[in-house]
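Heads up, the thing below is written out as structure tokens.
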Amino acid sequence: MVYELKVNGETFEVDVDGDMPLLWVVRDHLDFTGSKFGCGLAQCGACTMQVDGLATRTCVLPVSSAVGREITTIEGLQSEAGKAVQAAWETAQVPQCGYCQSGQIMSATALLEQNSNPSDREIETAMSGNICRCGTYPRIKEGIKLAAQAINAMEVA
Amino acid sequence: MNSHRFDYSAKFVPSRRQFLKVSAGAGLALGLNLGVAGSSAQQGNSDSLLEYNAFVSISPDNIVRVMIRNTEMGQGPYTGLATCIAEELDADWNQIVCEHAPANTEKYGNAALGSQGTGGSSSVPGGYIEMREAGAAAKAMLVAAAAEQWNVPETEIEVNNGVLAHGNRTSSFGELAVAAARQSVPSRDSLQLKSAGEFKFIGNEELSRKDIGKNDGTAIFTQDIKLPGMLTAVVVHPPRFGGKVQSFDASDALAIDGVQHVFDIEDGIAVVANDYWTALKAKGTLHVEWDDSEAEHRSTENILQQYHEIVQTPGAVAESVGDADSLLAASDDVHELEFEFPFLSHAQMEPLNCVAMVDGDRAELTYGCQTQTRDQEVVAELLGTDVSKVSIKTVFAGGGFGRRANPFSDYVLETVRIAQRLQGTPIKLVWSREDDMEAGYWRPAYVHKLAATLNSDNNPEALQVRVAGQSIMEGTALAERAIVNGIDHSSMEGLVGMTYAIPNRQVELHTTKVGIPVQWFRSVGNTRTAFSKEVFIDHLAESAGEDPLNYRLKLFAGNAKETEVLNFIAEKSDWRNFTASAGKGRGLAIHSSFGSTVAQVVDVTVDGDNFTVDRVIAAVHVGTAVNPDIVKAQAEGSIVLGLSSALSDQVTLTDGLVDQNNFHTYQVLRMNRMPEIEVHIVPSEAMPTGIGEPATPVIAPAVANVIAAATGKRLTSLPLRLA
Ligand code: FES
Ligand code: FES
């Protein structure tokens with residue numbers, strides 16, 4: 001069946017089964033490969049995209065349910081918070097293997113868009129759906145704090 | 001199980017002499033080649049040296065291209081090896097671009113491993129001198145070219161930040177690249193490497209990373225490869241290890257739109273489709289009858305029970321100093337602990353995958369290859385072709401922790417078998433997380449038993465160690481070198497040659513036969529041995545009523561490095577001024593592996609049957625820290641991985657069926673259970689030693705030791721459970 005999807009501000013038509021998870025439509029059919037596959041079970045967060053502004057595990061979201069919604073992948077990350085997170089990731093030298101990091105950045109961005117000054121506990125809660133086997137957690141936390149500072153400084157200015 | 005045996009050591013004999021040569025075919029590029037093969041050739045330019053090792057090239061557009069022979073999995077060889085080259089080349093860090101070297105053992109073999117591959121925490125230590133020489137030689141040729149052009153003595157030319165200068169004249173590397181390529185190559189002896197005091201890049205904490213694209217989704221992993229006409233393959237593996245396909249019915253699978261092929265491969269069934277989801281759906285519709293008659297049917301509980309029985313009996317003697325047996329037999333005060341370690345899945349974030357295309361006697365592979373030499377040979381053997389016809393392009397690997405360096409190239413061969421059937425079609429094999437976890441090649445389960453007597457000073461007088469578990473080397477190409485007189489050293493590394501002064505020691509090994517595929521895991525045997533050694537020493541200190549740090553210092557008498565690291569961490573953690581409060585305790589562990597020494601002090605809060613790890617202070621001695629920030633990141637990451645196995649990771653089998661198959665049952669450490677981590681590097685100008693692995697095995701014993709101090713319960717099984 002043909003579905004119309006809005007990804008990163010552009011509209012795409014894809015002819016796939018309605019139960020195909022959004023992750024695989026975006027990766028295999030639209031060729032945005034920044035979002036990764038890690039578990040297929042909403043357990044690891046590697047596939048996180050923003051769907052209508054919410055961090056969403058797209059490995060379990062059927063494409064049929066994604067129609068008409070705003071989908072943002074790491075490739076389309078444009079928001080102030082998103083840019084601040086990417087810059088902070090560079091400063092804190094967060095990634096190791098990097099495979100989980102698109103998902104981490106998407107989750108961190110969604111957090112900061114809703115709460116630009118999260119406490120440690122709020123960071124832990126928001127980020128615990130994203131596994132990093134390389135163990136970059138301390139730097140992810142540091143990166144979120146740096147990004148929060150940058151966002152708040154911008155808002156004051 | 002596979003029985004391919006290859007002795008690649010014979011094909012790659014690193015020469016003591018190394019050779020420099022200009023790559024003539026590169027046109028305008030200056031290619032610097034450091035040959036490592038051809039031991040009969042003369043020093044200098046020898047035409048008999050037809051195999052080169054090109055690590056550096058400089059092109060007229062002023063780009064310095066660095067070929068990285070080690071696999072970038074996040075552990076830092078891109079940045080680390082580029083740092084060594086930039087240091088001696090005096091390049092501008094921003095003009096350096098890194099890429100993975102192709103599979104070519106003669107050019108890119110790593111003397112530390114005896115093959116092209118990545119492991120043993122050897123990438124930066126193994127390339128430290130070689131890469132600096134590559135940079136120094138390239139610089140010498142640029143200087144010679146400038147001297148010729150400007151008609152000035154070479155000694156008057158200064159090189160800084162990618163610019164050569166003499167008086168008012170300056171030139172970029174790019175502008176001199178063509179002229180430099182015509183210069184004769186300096187002999188290795190003529191190269192003057194910098195002293196530590198002159199370093200600008202080595203030891204610089206501010207350098208940006210060279211494995212770029214990881215913050216914006218542009219970094220390419222195997223999972224992201226798409227080639228024209230490529231199909232995606234998934235595989236059904238037998239539910240029990242050793243099972244075989246008896247029959248299968250693929251009619252439902254083949255009826256699905258987009259499914260192209262379903263066929264039997266060795267030990268499984270391949271489903272090939274236009275995309276992953278279609279292949280996965282089709283896989284779910286297959287009806288397979290398995291022949292389990294030769295399969296492993298045991299439960300891990302039974303296997304471990306058997307190990308506990310075996311360690312009560314003497315094993316093959318791996319080390320014997322003095323007469324531990326008699327002293328233990330004569331004593332009526334023997335201290336004894338038994339330790340249990342589960343099977344572990346590496347669970348790297350990118351499940352195993354590989355892209356291959358086979359066309360007649362040629363094969364082209366693209367993936368996060370960790371063992372280029374071995375994979376190339378195994379594939380060549382399967383196809384009945386020459387290794388030169390097997391090309392491997394290495395891309396970033398989404399973690400590995402040992403798994404990608406499979407001694408049988410299991411997932412690579414699986415891909416090539418499928419690609420061999422579908423000649424000319426690129427095939428991407430994608431394992432699901434379930435495949436990755438259930439198909440094995442785990443860190444083997446073990447039981448250790450340690451027994452000791454103390455002398456009148458409370459120092460250990462005699463120690464007896466018995467370990468029981470599977471050998472990770474048996475049946476592999478490394479067996480010949482790794483197993484000596486039936487003893488696999490990796491089974492007891494860290495317990496043999498112990499650095500604590502114990503006059504009578506006996507280490508015995510029982511190598512068990514179990515039908516479960518096993519292999520190395522980050523820090524290998526040390527994942528177990530550091531735990532049993534450090535928990536046991538702590539137990540002895542407690543029995544002696546002595547402070548665990550002072551007790552270790554006493555037993556390290558004469559061991560300068562470990563003493564230095566312990567004193568260093570005592571100071572960094574303010575060990576001597578710490579006072580435990582209700583429910584809060586502090587403990588430590590120290591272990592040396594891969595040439596490095598790591599100590600960790602850990603703070604834990606115990607609340608009933610639960611405990612929380614609050615803080616980890618680590619001291620790492622890695623010789624010269626080439627990239628201090630990467631050293632810290634590797635220590636942090638190793639602590640997280642080690643803590644994950646201390647707190648929860650384990651794979652179990654019930655009647656031969658795997659109980660954990662994804663992250664809901666294999667509960668790896670997440671951010672909500674993270675302690676604060678503080679890493680301190682012990683200052684040193686010694687040769688660099690490894691950091692990819694050595695911090696991994698220290699955390700679990702440190703945590704267990706705090707729990708013992710806080711609760712009096714000496715936990716000896718991983719994962720740690722108070723109830
Ligand atoms: S791949 Fe979607 S949460 Fe893991
Ligand atoms: S950086 Fe490798 S899994 Fe997170």
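We name chains A, B, ... following the order of the structure tokens; residues begin at 1 in each chain, and ligands are numbered from 1 as shown.
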Kindly compile the residues surrounding ligand 1 within 9 Å, counting only C-alpha atoms and all ligand atoms, and format them as a list in words.
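Residues satisfying the distance criterion: Leu23, Ser35, Lys36, Phe37, Gly38, Cys39, Gly40, Leu41, Ala42, Gln43, Cys44, Gly45, Ala46, Cys47, Thr48, Thr56, Arg57, Thr58, Cys59, Val60, Gly103, Gly129, Asn130 and Ile131 of chain A; Arg433 and Phe663 of chain B.
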Output N, CA, C and O atoms for every residue in the selection just made, as a compact mmCIF listing (two decimals), in the first residue's frame.
# COMPACT_ATOMS: atom_id res chain seq x y z
N LEU A 23 11.08 2.70 11.32
CA LEU A 23 12.54 2.63 11.23
C LEU A 23 12.98 2.05 9.89
O LEU A 23 13.88 2.58 9.23
N SER A 35 19.41 6.83 11.77
CA SER A 35 18.72 6.13 12.87
C SER A 35 19.09 4.66 12.79
O SER A 35 19.05 4.07 11.71
N LYS A 36 19.41 4.06 13.92
CA LYS A 36 19.97 2.70 13.88
C LYS A 36 19.02 1.65 14.42
O LYS A 36 18.08 1.93 15.16
N PHE A 37 19.35 0.42 14.08
CA PHE A 37 18.62 -0.74 14.59
C PHE A 37 19.48 -1.41 15.66
O PHE A 37 20.63 -1.76 15.40
N GLY A 38 18.91 -1.55 16.86
CA GLY A 38 19.69 -2.20 17.92
C GLY A 38 18.98 -3.38 18.56
O GLY A 38 19.62 -4.30 19.06
N CYS A 39 17.63 -3.33 18.58
CA CYS A 39 16.93 -4.41 19.28
C CYS A 39 15.61 -4.79 18.62
O CYS A 39 15.16 -5.91 18.72
N GLY A 40 14.93 -3.83 17.96
CA GLY A 40 13.66 -4.13 17.32
C GLY A 40 12.53 -4.34 18.31
O GLY A 40 11.47 -4.86 17.96
N LEU A 41 12.76 -3.95 19.58
CA LEU A 41 11.80 -4.29 20.64
C LEU A 41 11.55 -3.10 21.57
O LEU A 41 11.10 -3.29 22.69
N ALA A 42 11.86 -1.91 21.10
CA ALA A 42 11.68 -0.71 21.93
C ALA A 42 12.46 -0.79 23.23
O ALA A 42 12.05 -0.27 24.26
N GLN A 43 13.60 -1.45 23.20
CA GLN A 43 14.38 -1.65 24.43
C GLN A 43 15.67 -0.84 24.47
O GLN A 43 16.23 -0.64 25.54
N CYS A 44 16.19 -0.42 23.32
CA CYS A 44 17.54 0.16 23.34
C CYS A 44 17.62 1.63 22.94
O CYS A 44 18.58 2.31 23.25
N GLY A 45 16.64 2.11 22.19
CA GLY A 45 16.62 3.53 21.83
C GLY A 45 17.45 3.91 20.62
O GLY A 45 17.46 5.08 20.22
N ALA A 46 18.14 2.97 20.00
CA ALA A 46 19.00 3.31 18.86
C ALA A 46 18.19 3.88 17.69
O ALA A 46 18.70 4.64 16.88
N CYS A 47 16.91 3.53 17.62
CA CYS A 47 16.06 3.91 16.49
C CYS A 47 15.26 5.18 16.77
O CYS A 47 14.34 5.51 16.02
N THR A 48 15.60 5.88 17.85
CA THR A 48 14.77 7.00 18.28
C THR A 48 14.69 8.12 17.23
O THR A 48 15.71 8.59 16.75
N THR A 56 10.55 8.84 20.00
CA THR A 56 9.74 7.65 19.72
C THR A 56 10.62 6.51 19.24
O THR A 56 11.51 6.71 18.40
N ARG A 57 10.37 5.30 19.78
CA ARG A 57 11.12 4.12 19.31
C ARG A 57 10.45 3.63 18.03
O ARG A 57 9.39 3.01 18.07
N THR A 58 11.09 3.91 16.92
CA THR A 58 10.43 3.68 15.64
C THR A 58 10.55 2.24 15.14
O THR A 58 9.98 1.90 14.12
N CYS A 59 11.29 1.41 15.87
CA CYS A 59 11.41 0.01 15.46
C CYS A 59 10.12 -0.75 15.73
O CYS A 59 9.94 -1.87 15.26
N VAL A 60 9.21 -0.15 16.53
CA VAL A 60 7.94 -0.82 16.82
C VAL A 60 6.74 0.04 16.39
O VAL A 60 5.61 -0.29 16.72
N GLY A 103 20.37 8.02 18.34
CA GLY A 103 19.24 7.82 19.25
C GLY A 103 19.41 8.63 20.53
O GLY A 103 18.46 9.22 21.04
N GLY A 129 16.00 4.91 28.49
CA GLY A 129 15.55 4.04 27.40
C GLY A 129 16.60 3.89 26.31
O GLY A 129 16.40 3.13 25.36
N ASN A 130 17.69 4.62 26.44
CA ASN A 130 18.76 4.55 25.43
C ASN A 130 19.98 3.84 26.00
O ASN A 130 20.65 4.37 26.87
N ILE A 131 20.25 2.67 25.47
CA ILE A 131 21.42 1.92 25.93
C ILE A 131 22.67 2.40 25.19
O ILE A 131 22.61 2.69 24.00
N ARG B 433 18.73 -8.75 17.08
CA ARG B 433 19.32 -8.82 18.42
C ARG B 433 19.19 -10.24 18.97
O ARG B 433 20.09 -10.76 19.62
N PHE B 663 17.23 -7.15 25.10
CA PHE B 663 17.58 -6.32 26.26
C PHE B 663 16.51 -6.29 27.36
O PHE B 663 16.76 -5.72 28.41
Give as a list in words the residues surrounding ligand 2 up to a distance of 8 Å, considering only C-alpha atoms and all ligand atoms.
Val94, Pro95, Gln96, Cys97, Gly98, Tyr99, Cys100, Gln101, Ile131, Cys132, Arg133, Cys134, Gly135 and Thr136 of chain A; Met73, Gly74, Gln348, Met349, Glu350, Gly398 and Gly399 of chain B
Tell me, in Å to one decimal, how far CA of Pro138 (chain A) is from CA of Ile68 (chain B).
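These atoms are spaced 28.0 Å apart.
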Quick check, in Å to one decimal: how far apart do CA of Ile677 (chain B) and CA of Leu643 (chain B) lie?
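Answer for the CA of Ile677 (chain B) to CA of Leu643 (chain B) separation: 11.5 Å.
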Exercise answer, chain B residues close to chain A, 8 Å and only C-alpha atoms, as a ChimeraX atom specification:
/B:72-76,208-209,214-219,221,223-224,275-277,347-351,396-399,432-434,633,636-641,662-664,668-672,674,676-677
What does the file look like for those residues with N, CA and C atoms, as a tab-separated table (two decimals), in the first residue's frame?
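Output contents, as saved in out-v4.tsv:
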chain	number	residue	atom	x	y	z
B	72	GLU	N	38.23	0.81	13.78
B	72	GLU	CA	37.67	1.84	14.68
B	72	GLU	C	36.32	1.35	15.19
B	73	MET	N	36.29	1.03	16.48
B	73	MET	CA	35.05	0.55	17.11
B	73	MET	C	34.66	1.49	18.24
B	74	GLY	N	35.30	2.66	18.26
B	74	GLY	CA	35.07	3.59	19.34
B	74	GLY	C	36.22	3.65	20.32
B	75	GLN	N	37.18	2.73	20.14
B	75	GLN	CA	38.31	2.68	21.09
B	75	GLN	C	39.43	3.62	20.69
B	76	GLY	N	39.32	4.23	19.50
B	76	GLY	CA	40.20	5.36	19.22
B	76	GLY	C	41.41	5.21	18.33
B	208	SER	N	40.58	17.12	18.72
B	208	SER	CA	39.27	16.59	18.34
B	208	SER	C	39.44	15.17	17.82
B	209	ARG	N	38.35	14.41	17.79
B	209	ARG	CA	38.41	13.03	17.31
B	209	ARG	C	38.44	12.99	15.78
B	214	LYS	N	29.69	10.99	13.84
B	214	LYS	CA	28.91	10.23	14.82
B	214	LYS	C	27.91	11.11	15.58
B	215	ASN	N	27.97	12.42	15.34
B	215	ASN	CA	27.01	13.31	16.01
B	215	ASN	C	25.90	13.76	15.07
B	216	ASP	N	25.99	13.38	13.81
B	216	ASP	CA	24.96	13.84	12.86
B	216	ASP	C	24.43	12.72	11.98
B	217	GLY	N	24.74	11.50	12.33
B	217	GLY	CA	24.17	10.36	11.60
B	217	GLY	C	24.86	10.06	10.28
B	218	THR	N	25.96	10.75	9.97
B	218	THR	CA	26.59	10.51	8.67
B	218	THR	C	27.67	9.42	8.71
B	219	ALA	N	28.12	9.03	9.88
B	219	ALA	CA	29.11	7.95	9.98
B	219	ALA	C	28.49	6.67	9.41
B	221	PHE	N	28.17	2.70	9.07
B	221	PHE	CA	28.39	1.38	9.66
B	221	PHE	C	27.93	0.33	8.65
B	223	GLN	N	25.57	-1.67	8.81
B	223	GLN	CA	24.11	-1.63	8.71
B	223	GLN	C	23.64	-0.61	7.67
B	224	ASP	N	24.48	0.37	7.38
B	224	ASP	CA	24.07	1.46	6.50
B	224	ASP	C	24.48	1.26	5.05
B	275	ASP	N	14.26	-6.33	1.44
B	275	ASP	CA	14.66	-5.50	2.56
B	275	ASP	C	14.58	-6.32	3.85
B	276	TYR	N	15.06	-5.72	4.94
B	276	TYR	CA	15.18	-6.45	6.20
B	276	TYR	C	13.83	-6.87	6.74
B	277	TRP	N	12.88	-5.96	6.74
B	277	TRP	CA	11.60	-6.27	7.38
B	277	TRP	C	10.89	-7.42	6.67
B	347	ALA	N	26.85	-8.32	23.36
B	347	ALA	CA	25.76	-7.35	23.19
B	347	ALA	C	26.25	-5.98	22.73
B	348	GLN	N	27.20	-5.97	21.80
B	348	GLN	CA	27.58	-4.69	21.19
B	348	GLN	C	26.35	-4.10	20.53
B	349	MET	N	26.27	-2.77	20.44
B	349	MET	CA	25.01	-2.15	20.01
B	349	MET	C	24.61	-2.50	18.59
B	350	GLU	N	25.58	-2.67	17.70
B	350	GLU	CA	25.24	-3.03	16.32
B	350	GLU	C	25.26	-4.55	16.23
B	351	PRO	N	24.08	-5.17	16.07
B	351	PRO	CA	24.09	-6.63	15.96
B	351	PRO	C	24.95	-7.04	14.76
B	396	PHE	N	33.29	1.56	10.06
B	396	PHE	CA	33.14	1.68	11.51
B	396	PHE	C	32.33	0.51	12.05
B	397	ALA	N	32.74	-0.01	13.18
B	397	ALA	CA	32.00	-1.09	13.83
B	397	ALA	C	31.24	-0.53	15.02
B	398	GLY	N	29.98	-0.90	15.13
B	398	GLY	CA	29.15	-0.42	16.24
B	398	GLY	C	29.41	-1.21	17.51
B	399	GLY	N	30.62	-1.06	18.03
B	399	GLY	CA	31.05	-1.81	19.22
B	399	GLY	C	31.49	-3.21	18.83
B	432	SER	N	19.36	-10.22	13.82
B	432	SER	CA	18.52	-9.50	14.77
B	432	SER	C	19.25	-9.51	16.12
B	433	ARG	N	18.73	-8.75	17.08
B	433	ARG	CA	19.32	-8.82	18.42
B	433	ARG	C	19.19	-10.24	18.97
B	434	GLU	N	18.07	-10.88	18.66
B	434	GLU	CA	17.85	-12.24	19.15
B	434	GLU	C	18.91	-13.18	18.57
B	633	ALA	N	38.08	8.11	28.39
B	633	ALA	CA	36.82	7.59	27.83
B	633	ALA	C	36.81	6.07	27.82
B	636	GLU	N	36.30	4.89	31.33
B	636	GLU	CA	34.88	5.07	31.70
B	636	GLU	C	34.03	3.96	31.08
B	637	GLY	N	34.20	3.77	29.78
B	637	GLY	CA	33.40	2.78	29.08
B	637	GLY	C	33.64	1.37	29.59
B	638	SER	N	34.90	1.07	29.91
B	638	SER	CA	35.23	-0.26	30.43
B	638	SER	C	34.59	-0.46	31.79
B	639	ILE	N	34.57	0.60	32.59
B	639	ILE	CA	33.95	0.50	33.91
B	639	ILE	C	32.45	0.23	33.75
B	640	VAL	N	31.82	0.89	32.79
B	640	VAL	CA	30.39	0.67	32.56
B	640	VAL	C	30.14	-0.78	32.12
B	641	LEU	N	30.96	-1.26	31.21
B	641	LEU	CA	30.76	-2.64	30.74
B	641	LEU	C	31.01	-3.63	31.88
B	662	ASN	N	17.09	-10.69	24.30
B	662	ASN	CA	17.07	-9.27	23.92
B	662	ASN	C	17.27	-8.47	25.21
B	663	PHE	N	17.23	-7.15	25.10
B	663	PHE	CA	17.58	-6.32	26.26
B	663	PHE	C	16.51	-6.29	27.36
B	664	HIS	N	15.36	-6.91	27.13
B	664	HIS	CA	14.39	-6.95	28.22
B	664	HIS	C	14.76	-8.06	29.21
B	668	VAL	N	21.26	-4.93	30.52
B	668	VAL	CA	22.54	-4.23	30.60
B	668	VAL	C	22.36	-2.91	31.36
B	669	LEU	N	23.48	-2.38	31.80
B	669	LEU	CA	23.47	-1.15	32.59
B	669	LEU	C	22.91	0.02	31.77
B	670	ARG	N	22.00	0.73	32.38
B	670	ARG	CA	21.44	1.94	31.78
B	670	ARG	C	21.82	3.14	32.64
B	671	MET	N	21.46	4.32	32.16
B	671	MET	CA	21.91	5.53	32.86
B	671	MET	C	21.38	5.62	34.30
B	672	ASN	N	20.21	5.04	34.54
B	672	ASN	CA	19.64	5.19	35.89
B	672	ASN	C	20.41	4.44	36.97
B	674	MET	N	23.83	4.41	36.92
B	674	MET	CA	25.22	4.83	36.75
B	674	MET	C	25.79	5.52	37.98
B	676	GLU	N	28.89	7.94	39.60
B	676	GLU	CA	29.81	8.97	39.10
B	676	GLU	C	31.14	8.28	38.82
B	677	ILE	N	31.81	8.66	37.76
B	677	ILE	CA	33.11	8.05	37.46
B	677	ILE	C	34.17	9.14	37.31
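Once Gln260 (chain B) and its same-chain neighbours fewer than 5 positions away are set aside, Met230, Leu231, Thr232, Ala233, Val234, Ala250, Ser251, Ala253, Leu254, Ala255, Ala270, Val271, Val272, Ala273, Asn274, Asp275, Thr278, Ala279, Ala282, Leu422, Thr425 and Ile427 of chain B remain within 12 Å of it when counting only C-alpha atoms.
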What are the DSSP helix (DSSP H, G or I) residues of region 191-327 of chain B, as number ranges by chain?
B: 196-198, 222-224, 251-254, 276-284, 300-310, 324-327
Could you check how far CA of Asn526 (chain B) sits from CA of Ala482 (chain B), in Å to one decimal?
15.6 Å
Rank B:Asn204, B:Asn62, B:Ser644, B:Ser331 by their smallest atom-to-atom distance to Asp92 (chain B), using only C-alpha atoms, and report the top residue only.
B:Asn62
Quick one: DSSP strand (DSSP E or B) residues in region 466-683 of chain B, as a PyMOL selection string?
chain B and resi 466-469+483-484+487-488+493+496+504-511+518+581+584-593+596-607+610-621+651+653-654+657-658+676-681
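Considering only C-alpha atoms, the residue among A:Glu80, A:Ile71, A:Asp52, A:Met1 positioned nearest to Val26 (chain A) is A:Ile71.
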Got a sec: who's within 10 Å of Lys713 (chain B), counting only C-alpha atoms, leaving out chain neighbours fewer than 6 positions off, as a compact mmCIF listing (two decimals) with all heavy atoms, in the first residue's frame?
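Contents of out.txt, as written:
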# COMPACT_ATOMS: atom_id res chain seq x y z
N ALA B 704 32.29 -5.86 44.90
CA ALA B 704 32.08 -7.00 45.81
C ALA B 704 32.82 -6.76 47.13
O ALA B 704 32.31 -7.11 48.20
CB ALA B 704 32.57 -8.29 45.15
N ASN B 705 33.98 -6.15 47.04
CA ASN B 705 34.76 -5.90 48.26
C ASN B 705 34.11 -4.87 49.17
O ASN B 705 34.17 -4.99 50.39
CB ASN B 705 36.20 -5.48 47.90
CG ASN B 705 36.99 -6.65 47.30
OD1 ASN B 705 36.61 -7.82 47.48
ND2 ASN B 705 38.07 -6.36 46.59
N VAL B 706 33.46 -3.86 48.59
CA VAL B 706 32.74 -2.90 49.43
C VAL B 706 31.57 -3.60 50.11
O VAL B 706 31.33 -3.38 51.30
CB VAL B 706 32.11 -1.73 48.64
CG1 VAL B 706 31.72 -0.62 49.61
CG2 VAL B 706 33.01 -1.21 47.56
N ILE B 707 30.87 -4.41 49.34
CA ILE B 707 29.69 -5.08 49.92
C ILE B 707 30.11 -5.96 51.10
O ILE B 707 29.45 -5.98 52.14
CB ILE B 707 28.95 -5.89 48.83
CG1 ILE B 707 28.33 -4.91 47.82
CG2 ILE B 707 27.88 -6.79 49.44
CD1 ILE B 707 27.71 -5.55 46.61
N LEU B 722 22.73 -9.79 46.60
CA LEU B 722 22.72 -9.88 48.06
C LEU B 722 21.66 -10.84 48.55
O LEU B 722 21.74 -11.35 49.66
CB LEU B 722 22.51 -8.50 48.68
CG LEU B 722 23.79 -7.78 49.09
CD1 LEU B 722 23.49 -6.35 49.50
CD2 LEU B 722 24.52 -8.52 50.21
Residues at most 8 Å from region 171-175 of chain B, counting only C-alpha atoms, excluding those fewer than 3 positions away in the same chain, as a ChimeraX atom specification?
/B:58-63,142,146,162-165,178
Residues as selected, N, CA, C and O atoms, written as a tab-separated table (two decimals), in the first residue's frame, can you do that?
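Written file, again21.tsv:
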chain	number	residue	atom	x	y	z
B	58	ILE	N	50.29	12.63	1.11
B	58	ILE	CA	49.97	14.07	1.12
B	58	ILE	C	49.66	14.46	-0.31
B	58	ILE	O	50.44	14.18	-1.22
B	59	SER	N	48.53	15.08	-0.51
B	59	SER	CA	48.16	15.45	-1.88
B	59	SER	C	48.26	16.95	-2.07
B	59	SER	O	48.29	17.70	-1.09
B	60	PRO	N	48.35	17.41	-3.31
B	60	PRO	CA	48.52	18.84	-3.58
B	60	PRO	C	47.39	19.70	-3.00
B	60	PRO	O	47.57	20.89	-2.79
B	61	ASP	N	46.24	19.10	-2.72
B	61	ASP	CA	45.18	19.91	-2.09
B	61	ASP	C	45.39	20.05	-0.58
B	61	ASP	O	44.52	20.50	0.14
B	62	ASN	N	46.59	19.66	-0.13
B	62	ASN	CA	47.02	19.88	1.25
B	62	ASN	C	46.33	18.98	2.27
B	62	ASN	O	46.26	19.29	3.45
B	63	ILE	N	45.80	17.87	1.79
B	63	ILE	CA	45.20	16.90	2.70
B	63	ILE	C	46.26	15.85	3.05
B	63	ILE	O	46.92	15.32	2.16
B	142	LEU	N	59.57	16.33	2.88
B	142	LEU	CA	59.05	17.68	2.61
B	142	LEU	C	60.16	18.71	2.81
B	142	LEU	O	60.33	19.64	2.02
B	146	ALA	N	61.78	21.34	0.11
B	146	ALA	CA	61.81	22.79	0.33
B	146	ALA	C	63.24	23.32	0.22
B	146	ALA	O	63.50	24.35	-0.40
B	162	GLY	N	51.77	22.30	9.70
B	162	GLY	CA	51.52	22.07	8.28
B	162	GLY	C	52.15	23.09	7.36
B	162	GLY	O	51.82	23.14	6.17
B	163	VAL	N	53.07	23.90	7.88
B	163	VAL	CA	53.73	24.91	7.05
B	163	VAL	C	55.24	24.80	7.19
B	163	VAL	O	55.76	24.69	8.30
B	164	LEU	N	55.95	24.83	6.06
B	164	LEU	CA	57.41	24.87	6.08
B	164	LEU	C	57.84	26.31	5.89
B	164	LEU	O	57.25	27.03	5.08
B	165	ALA	N	58.86	26.73	6.64
B	165	ALA	CA	59.24	28.13	6.56
B	165	ALA	C	60.76	28.29	6.59
B	165	ALA	O	61.47	27.52	7.25
B	178	VAL	N	54.39	17.28	-4.52
B	178	VAL	CA	54.93	16.66	-5.73
B	178	VAL	C	56.45	16.60	-5.66
B	178	VAL	O	57.07	15.56	-5.92
Please provide the set of residues having any atom within 12 Å of Asp359 (chain B), restricted to only C-alpha atoms, with same-chain residues fewer than 5 positions apart removed, written as a ChimeraX atom specification.
/B:364-365,383,385,389-391,416,419-427
